[in-house]
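File shown: data13.txt. Contents: compact mmCIF, C-alpha atoms and all ligand atoms.
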# COMPACT_ATOMS: atom_id res chain seq x y z
CA MET Z 1 -128.92 165.77 -171.83
CA LYS Z 2 -131.82 167.17 -169.80
CA ILE Z 3 -134.57 164.80 -168.68
CA ALA Z 4 -137.68 165.89 -166.78
CA ILE Z 5 -139.55 163.49 -164.52
CA THR Z 6 -143.18 164.38 -164.17
CA GLY Z 7 -146.56 162.66 -164.45
CA GLY Z 8 -149.50 164.85 -163.49
CA LYS Z 9 -150.88 163.17 -160.39
CA GLY Z 10 -149.07 163.43 -157.07
CA GLY Z 11 -147.85 160.32 -155.28
CA THR Z 12 -147.24 158.19 -158.38
CA GLY Z 13 -143.55 157.72 -157.56
CA LYS Z 14 -141.89 160.53 -159.54
CA SER Z 15 -139.22 161.16 -156.91
CA MET Z 16 -138.48 157.45 -156.56
CA VAL Z 17 -138.00 157.19 -160.34
CA ALA Z 18 -135.97 160.44 -160.50
CA THR Z 19 -133.57 159.42 -157.69
CA SER Z 20 -133.21 155.84 -158.96
CA LEU Z 21 -132.45 157.05 -162.49
CA ALA Z 22 -129.98 159.61 -161.11
CA VAL Z 23 -128.08 156.96 -159.12
CA LYS Z 24 -128.02 154.64 -162.14
CA PHE Z 25 -126.91 157.39 -164.57
CA ALA Z 26 -124.21 158.48 -162.09
CA LYS Z 27 -122.48 155.08 -162.36
CA ASN Z 28 -121.27 156.06 -165.85
CA SER Z 29 -121.76 159.81 -166.28
CA LYS Z 30 -121.49 163.03 -164.30
CA THR Z 31 -125.05 163.49 -163.11
CA ALA Z 32 -127.03 166.28 -161.47
CA LEU Z 33 -130.52 166.02 -160.05
CA LEU Z 34 -132.61 169.18 -159.71
CA ASP Z 35 -135.39 168.74 -157.18
CA VAL Z 36 -137.86 171.39 -158.32
CA ASP Z 37 -140.87 170.04 -156.50
CA VAL Z 38 -140.28 173.23 -154.55
CA GLU Z 39 -143.35 173.13 -152.31
CA CYS Z 40 -142.29 169.79 -150.80
CA PRO Z 41 -138.83 168.76 -152.03
CA ASN Z 42 -137.74 165.36 -150.72
CA ASP Z 43 -135.11 163.93 -153.07
CA HIS Z 44 -132.50 164.77 -150.41
CA LEU Z 45 -134.35 162.43 -148.03
CA LEU Z 46 -134.56 159.61 -150.57
CA LEU Z 47 -130.81 159.95 -151.24
CA SER Z 48 -129.74 160.69 -147.62
CA VAL Z 49 -128.18 163.99 -148.67
CA LYS Z 50 -127.34 166.58 -146.01
CA ARG Z 51 -128.19 169.75 -147.88
CA LYS Z 52 -126.22 172.98 -147.49
CA GLU Z 53 -127.71 176.37 -148.27
CA PHE Z 54 -126.40 177.74 -151.56
CA THR Z 55 -128.42 180.94 -151.83
CA LYS Z 56 -131.69 182.63 -150.94
CA ILE Z 57 -134.13 183.46 -153.73
CA TYR Z 58 -135.79 186.86 -153.86
CA GLN Z 59 -138.67 188.32 -155.81
CA PRO Z 60 -139.03 192.02 -156.65
CA ILE Z 61 -141.92 193.76 -154.88
CA PRO Z 62 -143.09 197.38 -154.88
CA LYS Z 63 -142.82 199.89 -152.04
CA TRP Z 64 -144.84 203.09 -151.81
CA ASP Z 65 -143.57 206.60 -151.08
CA PHE Z 66 -146.76 208.24 -149.83
CA ASP Z 67 -145.13 211.70 -149.84
CA LYS Z 68 -145.33 211.55 -153.64
CA CYS Z 69 -148.67 209.68 -153.93
CA THR Z 70 -151.71 211.70 -155.12
CA LYS Z 71 -154.20 208.86 -154.37
CA CYS Z 72 -155.18 208.42 -158.04
CA GLY Z 73 -155.64 204.63 -157.73
CA LYS Z 74 -153.89 203.75 -161.02
CA CYS Z 75 -151.54 201.28 -159.29
CA ALA Z 76 -154.53 199.29 -158.00
CA ALA Z 77 -156.27 199.37 -161.39
CA VAL Z 78 -153.35 197.68 -163.20
CA CYS Z 79 -152.67 195.00 -160.59
CA LYS Z 80 -154.11 191.75 -161.97
CA GLN Z 81 -153.36 190.00 -158.69
CA ASN Z 82 -155.50 192.41 -156.67
CA ALA Z 83 -152.47 192.93 -154.46
CA VAL Z 84 -153.15 196.68 -154.29
CA VAL Z 85 -156.37 197.75 -152.61
CA PHE Z 86 -157.57 201.27 -153.33
CA VAL Z 87 -160.35 203.19 -151.58
CA LYS Z 88 -161.13 206.72 -152.83
CA ASP Z 89 -159.20 209.46 -150.99
CA LYS Z 90 -157.02 206.91 -149.17
CA TYR Z 91 -153.48 205.77 -149.84
CA PRO Z 92 -153.30 202.37 -151.58
CA ALA Z 93 -152.87 199.33 -149.34
CA PHE Z 94 -150.46 196.59 -150.41
CA VAL Z 95 -151.10 192.86 -149.84
CA LYS Z 96 -147.52 191.60 -150.05
CA ASP Z 97 -148.29 187.89 -149.94
CA ILE Z 98 -150.18 187.82 -153.24
CA CYS Z 99 -147.86 190.13 -155.20
CA ILE Z 100 -146.06 188.29 -158.01
CA GLY Z 101 -143.52 191.05 -158.65
CA CYS Z 102 -144.69 191.93 -162.18
CA LYS Z 103 -143.88 195.65 -161.57
CA ALA Z 104 -146.97 196.86 -163.48
CA CYS Z 105 -147.89 199.18 -160.60
CA ILE Z 106 -144.42 200.78 -160.72
CA VAL Z 107 -144.77 201.47 -164.44
CA ALA Z 108 -148.35 202.76 -164.07
CA CYS Z 109 -147.71 205.31 -161.30
CA PRO Z 110 -147.65 208.83 -162.84
CA GLN Z 111 -145.93 210.29 -159.74
CA ASN Z 112 -143.02 207.80 -159.51
CA ALA Z 113 -144.29 207.14 -156.02
CA ILE Z 114 -143.57 203.39 -156.18
CA PHE Z 115 -140.08 201.92 -156.16
CA GLU Z 116 -138.72 198.41 -156.25
CA THR Z 117 -137.59 196.40 -153.26
CA LYS Z 118 -137.48 192.62 -152.72
CA LYS Z 119 -138.79 189.80 -150.54
CA GLU Z 120 -137.42 186.34 -149.86
CA ILE Z 121 -139.44 183.59 -151.58
CA GLY Z 122 -137.22 180.54 -151.26
CA THR Z 123 -133.85 178.87 -150.81
CA ILE Z 124 -131.59 176.78 -153.01
CA TYR Z 125 -129.69 173.96 -151.31
CA ILE Z 126 -126.93 171.76 -152.70
CA GLY Z 127 -125.52 168.40 -151.65
CA ARG Z 128 -124.09 165.15 -152.94
CA ASN Z 129 -124.45 161.40 -152.41
CA TYR Z 130 -124.18 158.27 -154.58
CA ASN Z 131 -122.11 160.46 -156.94
CA VAL Z 132 -125.23 162.52 -157.74
CA GLY Z 133 -124.97 166.30 -157.40
CA LEU Z 134 -128.28 167.41 -155.89
CA ILE Z 135 -129.69 170.92 -156.30
CA SER Z 136 -132.83 171.33 -154.27
CA GLY Z 137 -135.21 174.30 -154.42
CA GLU Z 138 -137.54 175.10 -151.56
CA LEU Z 139 -140.37 177.64 -151.52
CA LYS Z 140 -140.59 179.74 -148.37
CA LEU Z 141 -143.61 178.79 -146.26
CA GLY Z 142 -146.67 180.86 -147.13
CA GLU Z 143 -145.27 182.11 -150.45
CA LEU Z 144 -147.05 181.47 -153.74
CA ALA Z 145 -144.33 181.97 -156.36
CA SER Z 146 -143.38 178.33 -156.89
CA GLY Z 147 -142.91 178.82 -160.66
CA GLU Z 148 -140.44 181.65 -160.00
CA VAL Z 149 -138.50 179.45 -157.54
CA VAL Z 150 -138.28 176.66 -160.17
CA ALA Z 151 -137.03 179.16 -162.77
CA GLU Z 152 -134.43 180.51 -160.31
CA VAL Z 153 -133.21 176.98 -159.45
CA ARG Z 154 -132.70 176.30 -163.15
CA LYS Z 155 -130.96 179.66 -163.63
CA TYR Z 156 -128.61 179.15 -160.65
CA PHE Z 157 -127.93 175.58 -161.81
CA GLU Z 158 -126.16 176.96 -164.88
CA GLU Z 159 -123.70 178.62 -162.46
CA ILE Z 160 -123.41 175.55 -160.20
CA ASN Z 161 -122.83 173.29 -163.19
CA LYS Z 162 -119.69 175.20 -164.22
CA LYS Z 163 -118.10 173.31 -161.30
CA LEU Z 164 -120.17 170.11 -161.42
CA LYS Z 165 -119.84 169.68 -165.19
CA ALA Z 166 -122.82 167.32 -165.24
CA GLU Z 167 -123.65 165.80 -168.62
CA ILE Z 168 -126.88 164.22 -167.42
CA ILE Z 169 -129.33 166.62 -165.80
CA LEU Z 170 -132.48 165.16 -164.28
CA ILE Z 171 -135.28 167.51 -163.27
CA ASP Z 172 -137.78 166.15 -160.74
CA SER Z 173 -140.92 168.25 -161.20
CA ALA Z 174 -143.92 168.88 -158.99
CA ALA Z 175 -147.28 167.25 -159.64
CA GLY Z 176 -149.86 169.02 -161.80
CA ILE Z 177 -149.66 170.97 -165.03
CA GLY Z 178 -149.28 174.52 -163.72
CA CYS Z 179 -146.59 177.16 -163.87
CA PRO Z 180 -143.96 175.28 -161.75
CA VAL Z 181 -144.34 172.17 -163.93
CA ILE Z 182 -144.06 174.17 -167.16
CA ALA Z 183 -140.94 175.88 -165.75
CA SER Z 184 -139.51 172.39 -165.10
CA LEU Z 185 -140.25 170.97 -168.57
CA ILE Z 186 -139.09 173.87 -170.75
CA GLY Z 187 -135.80 173.22 -172.54
CA THR Z 188 -135.62 169.50 -171.70
CA ASP Z 189 -134.77 166.78 -174.23
CA TYR Z 190 -137.06 164.12 -172.83
CA ILE Z 191 -139.96 163.77 -170.41
CA VAL Z 192 -140.43 160.65 -168.29
CA ALA Z 193 -144.12 160.61 -167.30
CA VAL Z 194 -144.60 158.45 -164.21
CA THR Z 195 -148.09 157.09 -163.64
CA GLU Z 196 -149.90 154.33 -161.77
CA PRO Z 197 -152.83 152.13 -162.79
CA THR Z 198 -155.67 154.25 -161.41
CA PRO Z 199 -158.32 156.36 -163.22
CA SER Z 200 -157.13 159.62 -161.62
CA ALA Z 201 -153.50 158.96 -162.58
CA LEU Z 202 -154.47 158.25 -166.22
CA HIS Z 203 -156.59 161.40 -166.31
CA ASP Z 204 -153.68 163.53 -165.03
CA LEU Z 205 -151.16 161.73 -167.24
CA LYS Z 206 -153.15 162.74 -170.33
CA ARG Z 207 -153.02 166.38 -169.19
CA VAL Z 208 -149.27 166.41 -168.62
CA LEU Z 209 -148.59 164.61 -171.91
CA TYR Z 210 -150.66 167.26 -173.65
CA LEU Z 211 -148.02 169.71 -172.37
CA ALA Z 212 -145.19 167.47 -173.63
CA LYS Z 213 -146.81 167.39 -177.07
CA HIS Z 214 -147.46 171.12 -177.03
CA PHE Z 215 -143.80 171.86 -176.29
CA GLN Z 216 -142.72 169.15 -178.76
CA ILE Z 217 -140.61 167.32 -176.18
CA LYS Z 218 -140.04 163.59 -176.68
CA HIS Z 219 -141.64 161.52 -173.97
CA GLY Z 220 -142.36 158.06 -172.61
CA ILE Z 221 -144.43 156.53 -169.82
CA VAL Z 222 -143.28 154.61 -166.74
CA ILE Z 223 -146.10 152.68 -165.04
CA ASN Z 224 -145.36 152.40 -161.34
CA LYS Z 225 -147.08 149.67 -159.26
CA TYR Z 226 -148.25 148.21 -162.59
CA ASP Z 227 -149.17 144.86 -160.99
CA LEU Z 228 -151.62 146.44 -158.51
CA ALA Z 229 -154.41 146.73 -161.08
CA LYS Z 230 -153.50 144.85 -164.24
CA GLN Z 231 -156.84 145.61 -165.91
CA PHE Z 232 -156.26 149.32 -165.53
CA CYS Z 233 -152.68 148.92 -166.65
CA LEU Z 234 -154.12 147.65 -169.95
CA LYS Z 235 -156.06 150.92 -170.25
CA ILE Z 236 -152.83 152.93 -169.90
CA GLU Z 237 -151.17 150.67 -172.47
CA GLY Z 238 -154.15 151.18 -174.80
CA PHE Z 239 -153.90 154.95 -174.42
CA ALA Z 240 -150.14 154.79 -175.11
CA LYS Z 241 -150.65 152.66 -178.23
CA GLU Z 242 -153.39 154.91 -179.60
CA ASN Z 243 -151.14 157.94 -179.19
CA ASN Z 244 -147.91 156.27 -180.25
CA ILE Z 245 -146.22 156.84 -176.88
CA ALA Z 246 -143.63 154.34 -175.67
CA ILE Z 247 -144.05 152.58 -172.32
CA ILE Z 248 -140.42 152.73 -171.21
CA GLY Z 249 -140.79 150.99 -167.86
CA ARG Z 250 -143.07 148.92 -165.66
CA ILE Z 251 -142.25 148.98 -161.96
CA PRO Z 252 -143.79 146.33 -159.68
CA TYR Z 253 -145.37 147.05 -156.32
CA LYS Z 254 -142.91 145.55 -153.84
CA LYS Z 255 -142.01 146.11 -150.20
CA ASP Z 256 -138.49 147.08 -151.36
CA PHE Z 257 -139.88 150.49 -152.35
CA VAL Z 258 -141.30 151.05 -148.88
CA ASP Z 259 -137.96 149.96 -147.35
CA SER Z 260 -136.16 152.35 -149.69
CA THR Z 261 -138.21 155.30 -148.40
CA ILE Z 262 -137.88 154.34 -144.75
CA LYS Z 263 -134.13 153.60 -144.95
CA MET Z 264 -133.53 156.71 -147.12
CA LYS Z 265 -131.66 154.64 -149.72
CA PRO Z 266 -132.33 154.30 -153.47
CA VAL Z 267 -134.22 151.10 -154.24
CA THR Z 268 -131.30 149.95 -156.43
CA GLU Z 269 -129.17 149.88 -153.25
CA ILE Z 270 -131.86 147.99 -151.30
CA ASN Z 271 -132.15 145.32 -154.00
CA PRO Z 272 -129.62 145.33 -156.88
CA ASP Z 273 -132.16 143.43 -159.05
CA TYR Z 274 -133.75 146.83 -159.82
CA GLN Z 275 -130.53 147.99 -161.53
CA LYS Z 276 -131.64 146.18 -164.70
CA LEU Z 277 -135.09 147.77 -164.61
CA PHE Z 278 -133.70 151.32 -164.45
CA GLN Z 279 -130.95 150.50 -166.96
CA LYS Z 280 -133.68 149.50 -169.43
CA ILE Z 281 -135.48 152.80 -168.89
CA ILE Z 282 -132.19 154.65 -169.54
CA GLU Z 283 -131.63 152.64 -172.74
CA GLN Z 284 -135.12 153.57 -173.99
CA ILE Z 285 -134.50 157.25 -173.24
CA ASN Z 286 -131.14 157.16 -175.03
CA LEU Z 287 -132.74 155.46 -178.02
CA ALA Z 288 -135.52 158.06 -178.23
CA ILE Z 289 -133.14 161.03 -177.98
CA LYS Z 290 -130.66 159.80 -180.62
S1 LIG E 1 -145.79 194.17 -158.71
FE1 LIG E 1 -147.51 193.43 -159.97
S2 LIG E 1 -148.54 191.97 -158.63
FE2 LIG E 1 -147.21 193.18 -157.30
S3 LIG E 1 -148.51 194.82 -156.58
FE3 LIG E 1 -147.49 195.59 -158.40
S4 LIG E 1 -148.88 195.15 -160.10
FE4 LIG E 1 -149.55 193.93 -158.34
S1 LIG E 2 -150.50 205.20 -158.96
FE1 LIG E 2 -148.98 206.31 -157.74
S2 LIG E 2 -149.97 208.20 -157.24
FE2 LIG E 2 -151.59 206.88 -157.92
S3 LIG E 2 -152.35 205.92 -156.02
FE3 LIG E 2 -150.78 204.59 -156.82
S4 LIG E 2 -148.90 205.23 -155.80
FE4 LIG E 2 -150.40 206.89 -155.54

Would you kindly transcribe this structure into structure tokens?
Amino acid sequence: MKIAITGGKGGTGKSMVATSLAVKFAKNSKTALLDVDVECPNDHLLLSVKRKEFTKIYQPIPKWDFDKCTKCGKCAAVCKQNAVVFVKDKYPAFVKDICIGCKACIVACPQNAIFETKKEIGTIYIGRNYNVGLISGELKLGELASGEVVAEVRKYFEEINKKLKAEIILIDSAAGIGCPVIASLIGTDYIVAVTEPTPSALHDLKRVLYLAKHFQIKHGIVINKYDLAKQFCLKIEGFAKENNIAIIGRIPYKKDFVDSTIKMKPVTEINPDYQKLFQKIIEQINLAIK
């Protein structure tokens, strides 16, 4: 069973929900947590996991052989990223940082003057704590290909899971609705959309649930800090009712969650009372997937 944890807006508590669910699931089932918030992964901090490098991630990039180049400019014309700059009668200039490795320039060159090489774009780390197998993807500083790193983490996970044999796979996505989020949601059985009672969170929640609907993935909403603005919580509940979306959890705003982050321990270990809350969320997910 693959469950994505997302929500649109950043800072709503996705990682807290993902790690708490992982620890709770791991009490009864072999569980893996994929941290694919690759620009700023921090599930390893929330679970006190000492990560070990598993592999580097590379992206194909082009390299020019100017001995063969006739300065026709076709490679620049096909590059949608504008990563190839061409000035008449000059050799093309390559802006490596914005290349996405699509290889269109290689195909377009009539002189076979461009060949493929690679650049490092990220790292995959692994680790374990609370019986949760953690796979954590991290984008190299300054690189843009976060969607590719997410896709690579998911690809390598298939290999890692031959050993782990996890039955429950949780995928903690980045905020937003872009390429890295789509790469996190694809192929999942259920989406947990974590939100908070604020106008911006509801706005972003609607956008991410549009994706869930588009990909026909079952989904439910967890309202974090629901007691901070009860009036606005009613608005989220109204939206859920109108669209026939289940509210599968309501998490209160308590100091325990701050303690959990500072002490680098899941909130269920800080205060066992939260076990019931996350168990209920799991029951709702199980019910929806059956
Ligand atoms: S591989 Fe694609 S993005 Fe990179 S330079 Fe070539 S055409 Fe542009
Ligand atoms: S398409 Fe090939 S030959 Fe033409 S400018 Fe680019 S590298 Fe040179």

Given only C-alpha atoms and all ligand atoms as the counted atoms, nearest of Z:Leu209, Z:Cys69, Z:Val49, Z:Ile262 to ligand LIG 2 (chain E):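 Closest candidate: Z:Cys69.
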
Z:Ala32, Z:Cys109, Z:Leu277, Z:Ile121 ranked by distance to ligand LIG 2 (chain E), top pick (using all atoms listed in the file):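 For ligand LIG 2 (chain E), the nearest of the given residues is Z:Cys109.
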
Using only C-alpha atoms, find each residue in stretch 129-237 of chain Z having at least one atom no more than 8 Å away from stretch 79-102 of chain Z; report its shortest atom-to-atom pair and that distance in Å (one decimal), rows by chain then rising number, as a Markdown table.
| residue | atom | partner | partner_atom | distance |
| --- | --- | --- | --- | --- |
| Z:Gly142 | CA | Z:Asp97 | CA | 7.7 |
| Z:Glu143 | CA | Z:Asp97 | CA | 6.5 |
| Z:Leu144 | CA | Z:Ile98 | CA | 7.1 |
| Z:Ala145 | CA | Z:Ile100 | CA | 6.8 |

Using only C-alpha atoms and all ligand atoms, find each residue of chain Z with at least one atom at most 8 Å away from an atom of ligand LIG 2 (chain E); report its shortest atom-to-atom pair and that distance in Å (one decimal), sort the rows by chain and rising residue number, and return the result as a tab-separated table.
residue	atom	partner	partner_atom	distance
Z:Trp64	CA	E:LIG2	S4	6.1
Z:Asp65	CA	E:LIG2	S4	7.3
Z:Phe66	CA	E:LIG2	FE4	6.9
Z:Lys68	CA	E:LIG2	S2	6.8
Z:Cys69	CA	E:LIG2	FE4	3.7
Z:Thr70	CA	E:LIG2	S2	4.4
Z:Lys71	CA	E:LIG2	S3	3.8
Z:Cys72	CA	E:LIG2	FE2	3.9
Z:Gly73	CA	E:LIG2	S3	3.9
Z:Lys74	CA	E:LIG2	S1	4.2
Z:Cys75	CA	E:LIG2	S1	4.1
Z:Ala76	CA	E:LIG2	FE3	6.6
Z:Phe86	CA	E:LIG2	S3	7.5
Z:Tyr91	CA	E:LIG2	S3	6.3
Z:Pro92	CA	E:LIG2	S3	5.8
Z:Cys105	CA	E:LIG2	S1	6.8
Z:Ile106	CA	E:LIG2	S1	7.7
Z:Ala108	CA	E:LIG2	S1	6.1
Z:Cys109	CA	E:LIG2	S1	3.6
Z:Pro110	CA	E:LIG2	FE1	5.8
Z:Gln111	CA	E:LIG2	S2	5.2
Z:Asn112	CA	E:LIG2	FE1	6.4
Z:Ala113	CA	E:LIG2	S4	5.0
Z:Ile114	CA	E:LIG2	S4	5.7

Show me, as CSV, the residues of stretch 92-198 of chain Z having an atom within 10 Å of stretch 240-261 of chain Z, each with the closest atom pair and its distance in Å, using all atoms listed in the file.
residue,atom,partner,partner_atom,distance
Z:Val192,CA,Z:Ile248,CA,8.4
Z:Ala193,CA,Z:Ile247,CA,9.5
Z:Val194,CA,Z:Gly249,CA,9.1
Z:Thr195,CA,Z:Arg250,CA,9.8
Z:Glu196,CA,Z:Ile251,CA,9.3

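Between Z:Ile160 and the residues Z:Gly127, Z:Gly122, Z:Gly220, Z:Pro272, the shortest atom-to-atom distance, using all atoms listed in the file, involves Z:Gly127.
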
Distance criterion (all atoms listed in the file): nearest to Z:Gly7 out of Z:Ile61, Z:Leu205, Z:Ala77, Z:Ile182: Z:Leu205

Nearest to ligand LIG 1 (chain E) by atom-to-atom distance, counting all atoms listed in the file, from Z:Lys2, Z:Lys118, Z:Ser48, Z:Ser20: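 That would be Z:Lys118, the residue with the smallest distance to ligand LIG 1 (chain E).
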
Residue nearest Z:Ala22 among Z:Ile177, Z:Ile281, Z:Leu170, Z:Ile5 (counting all atoms listed in the file): Z:Leu170

Neighbours of point (-135.0, 167.6, -163.5) within 10 Å, using only C-alpha atoms, written as a list in words: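 Checked against the point, the hits come out as Lys2, Ile3, Ala4, Ile5, Thr6, Ala18, Ala22, Ala32, Leu33, Leu34, Asp35, Val36, Asp37, Ile135, Arg154, Ile168, Ile169, Leu170, Ile171, Asp172, Ser173, Ser184, Leu185, Thr188 and Ile191 of chain Z.
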
Keeping only C-alpha atoms, write the selected residues as a tab-separated table (two decimals), in the frame of the given file.
chain	number	residue	atom	x	y	z
Z	2	LYS	CA	-131.82	167.17	-169.80
Z	3	ILE	CA	-134.57	164.80	-168.68
Z	4	ALA	CA	-137.68	165.89	-166.78
Z	5	ILE	CA	-139.55	163.49	-164.52
Z	6	THR	CA	-143.18	164.38	-164.17
Z	18	ALA	CA	-135.97	160.44	-160.50
Z	22	ALA	CA	-129.98	159.61	-161.11
Z	32	ALA	CA	-127.03	166.28	-161.47
Z	33	LEU	CA	-130.52	166.02	-160.05
Z	34	LEU	CA	-132.61	169.18	-159.71
Z	35	ASP	CA	-135.39	168.74	-157.18
Z	36	VAL	CA	-137.86	171.39	-158.32
Z	37	ASP	CA	-140.87	170.04	-156.50
Z	135	ILE	CA	-129.69	170.92	-156.30
Z	154	ARG	CA	-132.70	176.30	-163.15
Z	168	ILE	CA	-126.88	164.22	-167.42
Z	169	ILE	CA	-129.33	166.62	-165.80
Z	170	LEU	CA	-132.48	165.16	-164.28
Z	171	ILE	CA	-135.28	167.51	-163.27
Z	172	ASP	CA	-137.78	166.15	-160.74
Z	173	SER	CA	-140.92	168.25	-161.20
Z	184	SER	CA	-139.51	172.39	-165.10
Z	185	LEU	CA	-140.25	170.97	-168.57
Z	188	THR	CA	-135.62	169.50	-171.70
Z	191	ILE	CA	-139.96	163.77	-170.41

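Rounded to one decimal, atom CA of Z:Met16 and atom CA of Z:Val132 lie 14.2 Å from each other.
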
Length of the atom CA of Z:Leu228 to atom CA of Z:Gly11 vector [Å]: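 Those two atoms sit 14.7 Å apart.
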
Give the padded box for stretch 113-130 of chain Z as JSON: axis-aligned, covering all atoms listed in the file, 8 Å on each side, centre and edge lengths in Å to one decimal.
{"center_x": -134.2, "center_y": 182.7, "center_z": -153.1, "size_x": 36.2, "size_y": 64.9, "size_z": 22.4}

Between atom CA of Z:Gly178 and atom CA of Z:Lys52 - distance in Å to one decimal: 28.2 Å

Long-range neighbours of Z:Gln275 as number ranges by chain, 12 Å cut-off, only C-alpha atoms, 3 positions minimum in chain: Z: 17, 20-25, 27, 251, 266-272, 278-282

Exercise: Z:Pro62 partners within 6 Å, only C-alpha atoms, chain neighbours under 2 positions left out, as a ChimeraX atom specification: /Z:115-117

Residues within 8 Å of Z:Cys179, all atoms listed in the file, excluding chain neighbours under 3 positions, as an MDAnalysis selection string: chainID Z and resid 146:147 182:183
